[in-house]
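Q: This is upload.txt (compact mmCIF, C-alpha atoms and all ligand atoms).
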```txt
# COMPACT_ATOMS: atom_id res chain seq x y z
CA MET N 214 96.61 101.05 74.67
CA ALA N 215 97.26 104.12 72.52
CA ASP N 216 98.94 105.75 75.53
CA ASP N 217 101.51 102.96 75.74
CA ALA N 218 102.32 103.22 72.05
CA THR N 219 102.97 106.95 72.09
CA GLU N 220 105.38 106.98 75.03
CA ALA N 221 109.03 107.38 74.12
CA ARG N 222 110.62 104.05 73.23
CA ARG N 223 114.18 103.15 74.05
CA SER N 224 115.66 99.96 72.67
CA ALA N 225 117.01 97.43 75.15
CA LEU N 226 120.06 97.30 72.86
CA ALA N 227 120.59 101.09 72.81
CA GLY N 228 123.64 100.83 75.07
CA LEU N 229 125.49 98.69 72.52
CA ASP N 230 125.64 101.58 70.04
CA LEU N 231 125.07 99.19 67.13
CA GLY N 232 124.76 102.03 64.64
CA SER N 233 128.45 102.88 64.92
CA ARG N 234 129.46 99.24 64.36
CA ALA N 235 127.14 98.46 61.46
CA GLY N 236 128.52 97.46 58.10
CA GLY N 237 130.67 94.85 56.51
CA ALA N 238 129.77 91.55 54.98
CA GLY N 239 129.55 88.28 56.83
CA GLY N 240 128.01 84.85 56.74
CA VAL N 241 125.44 86.16 59.21
CA LEU N 242 124.05 89.63 59.74
CA LEU N 243 122.66 90.64 63.14
CA GLY N 244 120.36 93.59 63.58
CA GLU N 245 117.55 94.90 65.69
CA GLY N 246 114.19 94.39 63.98
CA PRO N 247 111.72 97.23 63.80
CA ALA N 248 109.67 97.60 67.00
CA GLN N 249 106.12 96.30 66.59
CA GLU N 250 102.98 96.15 68.60
CA SER N 251 102.50 92.75 70.14
CA PHE N 252 99.47 91.25 71.88
CA VAL N 253 98.71 87.93 73.51
CA LEU N 254 95.34 86.60 72.40
CA ARG N 255 93.86 83.86 74.55
CA GLY N 256 90.65 81.95 74.00
CA PRO N 257 89.22 78.48 73.33
CA ALA N 258 89.98 77.54 69.71
CA ALA N 259 86.85 75.39 69.53
CA ASP N 260 84.50 78.13 70.76
CA THR N 261 82.55 79.40 67.73
CA ALA N 262 81.69 82.77 69.28
CA PHE N 263 85.36 83.42 70.07
CA ALA N 264 86.54 82.37 66.60
CA GLN N 265 83.87 84.47 64.90
CA ALA N 266 84.58 87.54 67.01
CA VAL N 267 88.26 87.38 66.00
CA GLU N 268 87.47 86.74 62.34
CA GLU N 269 85.00 89.63 62.13
CA VAL N 270 87.61 92.13 63.27
CA LEU N 271 90.72 90.69 61.62
CA GLY N 272 89.13 89.60 58.34
CA ALA N 273 90.73 86.16 58.59
CA GLY N 274 90.06 83.08 60.67
CA LEU N 275 92.25 81.88 63.50
CA PRO N 276 95.33 79.96 62.30
CA LEU N 277 94.95 76.50 63.81
CA GLU N 278 98.16 74.62 63.00
CA PRO N 279 100.91 74.92 65.63
CA GLY N 280 103.30 77.66 64.48
CA GLU N 281 101.05 78.81 61.66
CA VAL N 282 101.39 82.51 60.81
CA ARG N 283 98.44 84.21 59.12
CA GLU N 284 98.36 87.65 57.54
CA VAL N 285 95.31 89.54 58.71
CA CYS N 286 94.05 93.06 58.05
CA GLU N 287 96.09 96.27 58.59
CA ASP N 288 99.38 94.45 57.82
CA ALA N 289 99.09 92.54 61.09
CA LEU N 290 100.01 88.90 61.74
CA LEU N 291 98.37 86.27 63.89
CA ILE N 292 100.58 83.40 65.11
CA ARG N 293 99.36 80.18 66.76
CA LEU N 294 101.50 79.53 69.83
CA GLY N 295 99.48 77.16 71.99
CA PRO N 296 96.18 75.29 72.24
CA ASP N 297 94.46 78.49 73.43
CA GLU N 298 97.12 81.11 72.69
CA TRP N 299 97.91 83.32 69.69
CA ARG N 300 100.20 86.31 69.18
CA LEU N 301 98.94 89.34 67.29
CA MET N 302 101.72 91.46 65.77
CA ALA N 303 100.81 94.86 64.31
CA PRO N 304 102.93 97.68 62.87
CA LEU N 305 103.78 100.43 65.34
CA SER N 306 101.94 102.88 63.10
CA ASP N 307 98.67 101.11 63.90
CA ASP N 308 98.91 102.75 67.33
CA GLY N 309 96.69 100.26 69.15
CA ARG N 310 93.64 100.79 66.95
CA LEU N 311 93.41 97.21 65.68
CA ALA N 312 93.90 95.76 69.16
CA ALA N 313 91.20 98.04 70.55
CA ARG N 314 88.80 96.69 67.94
CA VAL N 315 89.72 93.08 68.75
CA ALA N 316 89.29 93.73 72.46
CA SER N 317 85.84 95.23 72.02
CA GLY N 318 84.89 92.37 69.70
CA LEU N 319 85.83 89.92 72.45
CA ALA N 320 83.95 91.79 75.18
CA GLY N 321 81.51 89.59 77.04
CA GLY N 322 82.94 86.38 75.54
CA PRO N 323 85.59 83.91 76.67
CA GLY N 324 88.58 85.57 74.94
CA ALA N 325 91.18 88.07 76.18
CA LEU N 326 93.77 90.35 74.59
CA VAL N 327 96.80 91.69 76.48
CA ASN N 328 99.33 94.24 75.24
CA VAL N 329 102.86 92.81 75.56
CA SER N 330 104.55 95.21 73.12
CA SER N 331 107.20 96.29 75.61
CA ALA N 332 107.98 92.75 76.76
CA SER N 333 110.08 91.69 73.78
CA THR N 334 113.00 92.87 71.70
CA ILE N 335 113.08 91.71 68.10
CA ILE N 336 116.46 90.68 66.72
CA ALA N 337 116.84 89.87 63.02
CA VAL N 338 119.33 87.15 62.09
CA THR N 339 119.87 86.87 58.35
CA GLY N 340 122.35 85.50 55.87
CA GLU N 341 123.77 82.30 54.47
CA HIS N 342 124.69 80.90 57.90
CA ALA N 343 121.73 82.26 59.90
CA ALA N 344 120.29 78.79 60.52
CA ASP N 345 123.75 77.36 61.29
CA LEU N 346 124.28 79.97 63.98
CA LEU N 347 120.88 79.36 65.62
CA ALA N 348 121.41 75.60 65.43
CA THR N 349 124.31 75.94 67.87
CA GLY N 350 121.83 76.94 70.58
CA THR N 351 118.52 75.19 70.02
CA GLY N 352 117.11 71.68 69.66
CA ILE N 353 114.57 72.83 67.05
CA ASP N 354 115.04 71.27 63.61
CA LEU N 355 115.83 74.27 61.40
CA ASP N 356 115.80 72.32 58.14
CA PRO N 357 113.37 74.20 55.86
CA ALA N 358 111.51 70.93 55.31
CA ALA N 359 110.70 70.76 59.04
CA PHE N 360 110.49 74.52 59.68
CA PRO N 361 109.60 76.26 56.42
CA PRO N 362 109.66 80.01 55.80
CA GLY N 363 106.42 81.66 56.89
CA ARG N 364 106.17 79.62 60.08
CA ALA N 365 106.99 80.44 63.67
CA VAL N 366 107.94 78.48 66.77
CA ARG N 367 108.45 79.29 70.43
CA THR N 368 111.48 77.57 71.90
CA HIS N 369 114.71 78.12 73.80
CA ILE N 370 117.81 79.48 72.07
CA GLY N 371 121.10 80.08 73.85
CA ASN N 372 120.18 81.69 77.15
CA ALA N 373 116.64 82.86 76.35
CA GLN N 374 113.15 81.83 75.47
CA ALA N 375 112.51 83.01 71.93
CA LEU N 376 109.62 83.26 69.54
CA VAL N 377 111.28 82.48 66.22
CA GLN N 378 109.61 83.77 63.09
CA ARG N 379 111.15 82.39 59.91
CA ARG N 380 110.75 85.03 57.20
CA ALA N 381 112.83 83.21 54.57
CA GLU N 382 115.19 80.25 54.48
CA ASP N 383 117.99 82.55 55.59
CA ALA N 384 116.04 85.16 57.60
CA PHE N 385 114.77 84.85 61.17
CA ASP N 386 113.15 87.33 63.54
CA LEU N 387 113.75 86.39 67.17
CA HIS N 388 111.42 87.87 69.76
CA VAL N 389 113.26 87.59 73.07
CA PRO N 390 112.28 88.93 76.50
CA ARG N 391 113.49 92.51 76.77
CA SER N 392 115.53 91.87 79.90
CA TYR N 393 117.42 89.09 78.06
CA ALA N 394 117.96 91.11 74.89
CA ARG N 395 121.45 92.34 75.65
CA SER N 396 122.94 89.08 76.87
CA PHE N 397 121.18 87.26 74.04
CA TRP N 398 122.73 89.68 71.54
CA GLU N 399 126.14 89.02 73.06
CA TRP N 400 125.50 85.29 72.81
CA LEU N 401 124.66 85.73 69.10
CA GLU N 402 127.86 87.72 68.50
CA GLU N 403 129.98 85.17 70.35
CA ARG N 404 128.52 82.21 68.41
CA GLY N 405 128.54 84.30 65.24
CA ARG N 406 132.33 84.67 65.22
CA GLU N 407 132.58 81.27 63.58
CA PHE N 408 130.44 82.58 60.71
CA ASP N 409 132.02 86.07 60.43
CA ALA N 410 128.91 87.72 61.84
CA ALA N 411 128.54 91.42 61.15
CA VAL N 412 126.11 94.06 62.39
CA ALA N 413 123.44 94.82 59.81
CA LEU N 414 123.20 98.36 58.50
CA MET U 83 118.46 64.29 77.43
CA LEU U 84 114.81 63.36 77.08
CA LEU U 85 112.97 64.15 73.85
CA ILE U 86 109.41 64.75 75.05
CA PRO U 87 106.66 64.44 72.41
CA CYS U 88 104.38 67.37 73.25
CA PRO U 89 100.90 66.71 71.82
CA PHE U 90 100.76 70.30 70.55
CA CYS U 91 104.35 71.21 69.64
CA GLY U 92 105.85 67.87 68.65
CA ALA U 93 109.08 66.37 70.01
CA ARG U 94 111.06 68.92 72.04
CA ASP U 95 114.19 68.84 74.18
CA GLU U 96 113.78 68.29 77.90
CA THR U 97 115.44 71.71 78.48
CA GLU U 98 112.25 73.41 77.22
CA PHE U 99 110.28 71.86 80.10
CA ALA U 100 110.00 72.22 83.86
CA TYR U 101 109.38 69.08 85.90
CA GLY U 102 106.21 69.12 87.99
CA GLY U 103 106.33 65.87 89.95
CA ASP U 104 103.86 63.04 90.43
CA ALA U 105 100.70 63.52 88.33
CA GLY U 106 98.64 61.19 90.51
CA VAL U 107 98.65 63.23 93.72
CA GLU U 108 95.11 64.16 94.74
CA ARG U 109 94.63 67.45 96.56
CA PRO U 110 92.06 67.18 99.36
CA THR U 111 88.78 68.29 97.77
CA ASP U 112 87.54 70.09 100.88
CA PRO U 113 90.61 71.87 102.36
CA GLU U 114 88.69 73.13 105.42
CA ALA U 115 87.64 69.61 106.35
CA ALA U 116 90.91 67.81 105.52
CA THR U 117 92.71 66.20 108.45
CA ASP U 118 96.38 66.85 109.22
CA GLU U 119 97.08 63.32 108.01
CA ALA U 120 95.40 64.03 104.67
CA TRP U 121 97.42 67.25 104.19
CA THR U 122 100.68 65.60 105.20
CA ASP U 123 99.98 62.76 102.83
CA TYR U 124 99.21 65.19 99.99
CA LEU U 125 102.23 67.40 100.59
CA CYS U 126 104.96 65.01 101.73
CA PHE U 127 104.30 61.33 101.09
CA HIS U 128 104.59 60.47 97.41
CA ASP U 129 105.50 57.21 95.75
CA ASN U 130 109.02 57.00 94.43
CA PRO U 131 108.78 54.06 92.06
CA LYS U 132 111.60 52.46 90.15
CA GLY U 133 109.78 51.90 86.88
CA PRO U 134 106.64 53.36 85.29
CA HIS U 135 105.64 56.79 86.64
CA ARG U 136 102.94 59.23 85.58
CA GLU U 137 104.28 62.74 86.04
CA LEU U 138 103.71 66.39 85.16
CA TRP U 139 105.93 68.44 82.87
CA PHE U 140 105.35 72.13 82.06
CA HIS U 141 106.20 73.09 78.48
CA ARG U 142 107.66 76.42 79.58
CA ASP U 143 109.44 77.37 76.33
CA GLY U 144 106.79 75.94 73.98
CA CYS U 145 103.00 75.92 74.22
CA ARG U 146 103.15 76.74 77.95
CA ARG U 147 100.81 73.91 78.86
CA TRP U 148 101.13 71.24 81.55
CA LEU U 149 101.55 67.74 80.19
CA GLU U 150 100.99 64.35 81.80
CA VAL U 151 103.84 62.11 80.79
CA GLU U 152 104.33 58.39 81.41
CA ARG U 153 108.04 57.83 82.03
CA ASP U 154 109.97 54.85 83.30
CA THR U 155 112.19 56.23 86.05
CA TRP U 156 114.65 53.37 85.52
CA THR U 157 115.00 53.32 81.69
CA HIS U 158 113.71 56.86 80.91
CA GLU U 159 111.47 55.27 78.31
CA LEU U 160 108.47 57.51 77.59
CA GLY U 161 104.92 56.26 77.17
CA ALA U 162 101.70 58.20 76.60
CA VAL U 163 101.82 62.02 76.76
CA ARG U 164 98.73 64.19 76.93
CA LEU U 165 97.74 67.75 77.80
CA SER U 166 96.97 67.79 81.48
CA ARG U 167 93.84 69.91 81.07
CA PRO U 168 92.70 69.80 77.45
ZN ZN K 501 104.16 72.12 73.85
```
Rewrite the structure of this file - the entire thing - as structure tokens.
Ligand SMILES: [Zn+2]
A:
Amino acid sequence: MADDATEARRSALAGLDLGSRAGGAGGVLLGEGPAQESFVLRGPAADTAFAQAVEEVLGAGLPLEPGEVREVCEDALLIRLGPDEWRLMAPLSDDGRLAARVASGLAGGPGALVNVSSASTIIAVTGEHAADLLATGTGIDLDPAAFPPGRAVRTHIGNAQALVQRRAEDAFDLHVPRSYARSFWEWLEERGREFDAAVAL
Amino acid sequence: MLLIPCPFCGARDETEFAYGGDAGVERPTDPEAATDEAWTDYLCFHDNPKGPHRELWFHRDGCRRWLEVERDTWTHELGAVRLSRP
């Protein structure tokens, strides 16, 4: 896993030259989020050995509510995405070390960990009208009462499947498949015109 | 548009799902021993009721699980929904 993390990274949005267009104020700011390590964790939630193996390495139990996001050790996050599926997000600087420990903790048991770091592009949508913009392309209820900050949800937005992490009432990180990143960005810009969207610095 | 109550995710738009057809079709348990009639029946001859239907839906953009959904093909009214393989 460390080999993957040290190879040169090139953003799927590199061709848009966002740096030269950044700046200005708007009702929504669009930007590329910092690249992170991302892993799919699969295993039976009700299996004690699986749950304990994860908890021993991460220092926190499995989040069990749908969409629950839990902070675990090494500044990593664990997100519940399905009955037997979680997403582990770790800072790039971790360089695969945490995941390697999880994988060896799971060895011999019913769980599995797969590196999907290169599969997604993270786009940050922030600002007063961030939720209004996203609401034009998804059926998810974005009212903070139904989808509070600190939660996540996997759904469909615009033209792509997206894992939506709500960081604050007006701040979302969207993890979209890398091959959709560019057209999804263009969709955000097109819908964002109504809200004076600008590219974040 | 259907609003399908996923047992894990909650109510979600139909566009998040892929339709998987009749949930009551039984695959021949011993493929080597199945007759041509049994295979043809399994692959091609399904009921097409006007009314209650038990069918499969894949929650592609949500929890990525197959659901068994009771739906009235005439009124689109939804009944019980459960994970296909809990
Ligand atoms: Zn679901």
Q: Name the residues in contact with Val366 of chain N at a cut-off of 8 Å, using only C-alpha atoms, excluding same-chain residues fewer than 6 positions from it; report them as a list in words.
A: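 Once the nearby chain positions are removed, what remains is Pro279, Gly280, Leu294, Leu376, Val377 and Gln378 of chain N; Gly144 of chain U.
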Q: What separation in Å, quoted to one decimal, exists between atom CA of Cys126 of chain U and atom CA of Ala105 of chain U?
A: 14.1 Å
Q: Can you tell me which residues sit at most 8 Å away from ligand ZN 501 (chain K), counting all atoms listed in the file, written as a PyMOL selection string?
A: (chain N and resi 295) or (chain U and resi 88-92+94+141-147)
Q: For Val253 of chain N, list every protein, DNA or RNA residue within 7 Å, evaluated using only C-alpha atoms, and leave out those in the same chain fewer than 5 positions away; present the list as a ChimeraX atom specification.
A: /N:299-301,326-329
Q: Just the number, please: distance in Å from atom CA of Gly322 of chain N to atom CA of Leu291 of chain N, one decimal.
A: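 Atom CA of Leu291 of chain N lies at a distance of 19.3 Å from atom CA of Gly322 of chain N.
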Q: List the spatial neighbours of Pro361 of chain N as a list in words - criterion: any atom at most 8 Å away, only C-alpha atoms, same-chain residues fewer than 4 positions off excluded.
A: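 Using only C-alpha atoms, the neighbours found are Asp356, Pro357, Arg379, Ala381 and Glu382 of chain N.
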Q: Got a sec to pull out which chain N residues are within 10 Å of chain U, counting all atoms listed in the file, and send them as number ranges by chain?
A: N: 278-280, 293-298, 351-354, 366-370, 373-376
Q: Excluding same-chain residues fewer than 2 positions from segment 230-240 of chain N, what lies within 8 Å of it counting only C-alpha atoms, as a compact mmCIF listing (two decimals) with C-alpha atoms, in the frame of the given file?
A:
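Once written, out-v2.txt looks like this:
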```txt
# COMPACT_ATOMS: atom_id res chain seq x y z
CA LEU N 226 120.06 97.30 72.86
CA ALA N 227 120.59 101.09 72.81
CA GLY N 228 123.64 100.83 75.07
CA LEU N 242 124.05 89.63 59.74
CA GLY N 340 122.35 85.50 55.87
CA GLU N 341 123.77 82.30 54.47
CA HIS N 342 124.69 80.90 57.90
CA ALA N 343 121.73 82.26 59.90
CA PHE N 408 130.44 82.58 60.71
CA ASP N 409 132.02 86.07 60.43
CA ALA N 410 128.91 87.72 61.84
CA ALA N 411 128.54 91.42 61.15
CA VAL N 412 126.11 94.06 62.39
CA ALA N 413 123.44 94.82 59.81
CA LEU N 414 123.20 98.36 58.50
```
Q: Using atom CA of Gly244 of chain N and atom CA of Arg364 of chain N as the two end points, give the distance in Å to one decimal.
A: 20.2 Å
Q: Return the padded bounding box of segment 270-273 of chain N as lines of an AutoDock Vina configuration file: axis-aligned, built from all atoms listed in the file, 5 Å added on each side, with centre and edge lengths in Å to one decimal.
A:
```
center_x = 89.2
center_y = 89.1
center_z = 60.8
size_x = 13.1
size_y = 16.0
size_z = 14.9
```
Q: Between U:Trp156, U:Ile86, U:Ala116, U:Trp121, single out the one closest to Tyr101 of chain U, counting all atoms listed in the file.
A: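 Among U:Trp156, U:Ile86, U:Ala116, U:Trp121, it is U:Ile86 that comes nearest to Tyr101 of chain U.
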Q: Using all atoms listed in the file, can you list as number ranges by chain the residues within 8 Å of (109.3, 52.0, 85.2)?
A: U: 131-135, 153-159
Q: The selected residues should be written to file as a tab-separated table (two decimals), in the coordinates of the input (atoms: C-alpha atoms).
A:
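Contents of again.tsv, as written:
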```tsv
chain	number	residue	atom	x	y	z
U	131	PRO	CA	108.78	54.06	92.06
U	132	LYS	CA	111.60	52.46	90.15
U	133	GLY	CA	109.78	51.90	86.88
U	134	PRO	CA	106.64	53.36	85.29
U	135	HIS	CA	105.64	56.79	86.64
U	153	ARG	CA	108.04	57.83	82.03
U	154	ASP	CA	109.97	54.85	83.30
U	155	THR	CA	112.19	56.23	86.05
U	156	TRP	CA	114.65	53.37	85.52
U	157	THR	CA	115.00	53.32	81.69
U	158	HIS	CA	113.71	56.86	80.91
U	159	GLU	CA	111.47	55.27	78.31
```
Q: Find, counting all atoms listed in the file, the residue in N:Glu399, N:Pro323, N:Gly256, N:Glu407 that gets nearest to Thr349 of chain N.
A: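 Among the listed residues, N:Glu407 lies closest to Thr349 of chain N.
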